[in-house]
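J.: For reference, the structure I am asking about is given below.
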Amino acid sequence: MRVEKLIWTKHSEAKMRFYHLSKQRVRQVLNSPKRIEEGIAPNTIAMMQPAGSKKHPYEIWVMVQKNTDKRGLRTRINTDSIRINQRSNPYKSVSTKVISAWKYPGRTKPRSEITLDFLKREYEIFISNGINRD
């Protein structure tokens with residue numbers, strides 16, 4: 001999944017700081033995920049990439065949502081643009097909103113209950129904090 005435009009929520013930036021994840025590392029997960037699952041929030045997907053060592057494995061998860069901004073490339077949110085082709089369609093821009101990013105210790109099985117519970121907890125934290133747009 002090649003991402004043209006990323007929109008970072010305050011929640012995702014806070015989680016990235018907490019788990020010591022850089023924006024480039026999150027982009028790497030988005031560009032080449034090992035596994036993609038349906039997110040617990042409506043219209044979201046979760047992408048995973050394994051990391052760590054054989055002795056101390058962990059997974060990096062990123063929950064994203066596809067957005068279509070009909071106003072063009074102007075948004076008031078903290079954005080990070082990657083190779084935007086502005087002449088293709090100036091009235092419609094497809095962007096990806098990074099809702100959350102986290103590290104999960106160990107390895108999970110595809111669509112396991114542990115992963116779904118963790119995603120639900122992250123989503124509830126995100127909803128309880130509200131969506132901050134500066």
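Simple scheme: letters A, B, ... for chains in structure tokens order, numbers from 1 for residues in each chain, numbers from 1 for ligands in the order shown.
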Please provide as JSON, numbers by chain all residues within 7 Å of Arg35 of chain A, with the sequence filter that same-chain residues fewer than 5 positions apart are discarded (counting only C-alpha atoms).
T.: {"A": [47, 48, 49]}
J.: Could you name the residues that touch segment 55-66 of chain A at 8 Å or less, counting only C-alpha atoms, but leaving out those on the same chain fewer than 5 positions away, as a list in words?
T.: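 Once the adjacent positions are removed, what remains is Val26, Val29, Leu30, Gly39, Asn43, Thr44, Ile45, Ala46, Met47, Met48, Gln49, Pro50, Val94, Ser95, Thr96, Lys97, Val98, Ile99, Ser100, Ala101, Trp102, Lys103, Tyr104, Pro105, Gly106 and Arg107 of chain A.
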J.: Kindly export the residues of the current selection with C-alpha atoms, as an mmCIF file, in the first residue's frame.
T.:
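Full text of part-v3.cif as output:
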data_model
loop_
_atom_site.group_PDB
_atom_site.id
_atom_site.type_symbol
_atom_site.label_atom_id
_atom_site.label_comp_id
_atom_site.auth_asym_id
_atom_site.auth_seq_id
_atom_site.Cartn_x
_atom_site.Cartn_y
_atom_site.Cartn_z
ATOM 1 C CA VAL A 26 5.334 3.664 10.620
ATOM 2 C CA VAL A 29 4.874 -0.766 8.058
ATOM 3 C CA LEU A 30 2.312 0.909 5.785
ATOM 4 C CA GLY A 39 -9.748 -2.744 12.255
ATOM 5 C CA ASN A 43 -13.774 1.762 8.009
ATOM 6 C CA THR A 44 -10.314 1.058 9.440
ATOM 7 C CA ILE A 45 -7.628 -1.490 8.763
ATOM 8 C CA ALA A 46 -4.727 -2.634 10.918
ATOM 9 C CA MET A 47 -1.343 -3.453 9.415
ATOM 10 C CA MET A 48 1.411 -5.435 11.117
ATOM 11 C CA GLN A 49 5.101 -5.977 10.583
ATOM 12 C CA PRO A 50 7.180 -8.295 12.788
ATOM 13 C CA VAL A 94 -6.869 10.529 -1.255
ATOM 14 C CA SER A 95 -5.150 10.510 2.096
ATOM 15 C CA THR A 96 -4.565 7.992 4.835
ATOM 16 C CA LYS A 97 -5.242 8.919 8.446
ATOM 17 C CA VAL A 98 -2.947 7.195 10.931
ATOM 18 C CA ILE A 99 -5.198 6.581 13.919
ATOM 19 C CA SER A 100 -2.832 4.634 16.156
ATOM 20 C CA ALA A 101 0.525 2.857 16.180
ATOM 21 C CA TRP A 102 1.850 0.502 18.818
ATOM 22 C CA LYS A 103 4.222 -2.351 19.624
ATOM 23 C CA TYR A 104 2.803 -5.688 20.696
ATOM 24 C CA PRO A 105 5.191 -7.982 22.622
ATOM 25 C CA GLY A 106 5.483 -11.479 21.199
ATOM 26 C CA ARG A 107 3.795 -12.905 18.129
#
J.: How many Å lie between atom CA of Pro110 of chain A and atom CA of Lys54 of chain A, rounded to one decimal?
T.: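 Value for the atom CA of Pro110 of chain A-atom CA of Lys54 of chain A distance: 18.9 Å.
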J.: Which of these, A:Leu21, A:Glu38, A:Asn67, A:Pro33, has the shortest distance to Leu6 of chain A once you count only C-alpha atoms?
T.: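 Comparing A:Leu21, A:Glu38, A:Asn67, A:Pro33 against Leu6 of chain A, the winner is A:Asn67.
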J.: Mind giving me the straight-line distance from atom CA of Gln24 of chain A to atom CA of Ser12 of chain A in Å, one decimal?
T.: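 Between atom CA of Gln24 of chain A and atom CA of Ser12 of chain A the gap is 13.4 Å.
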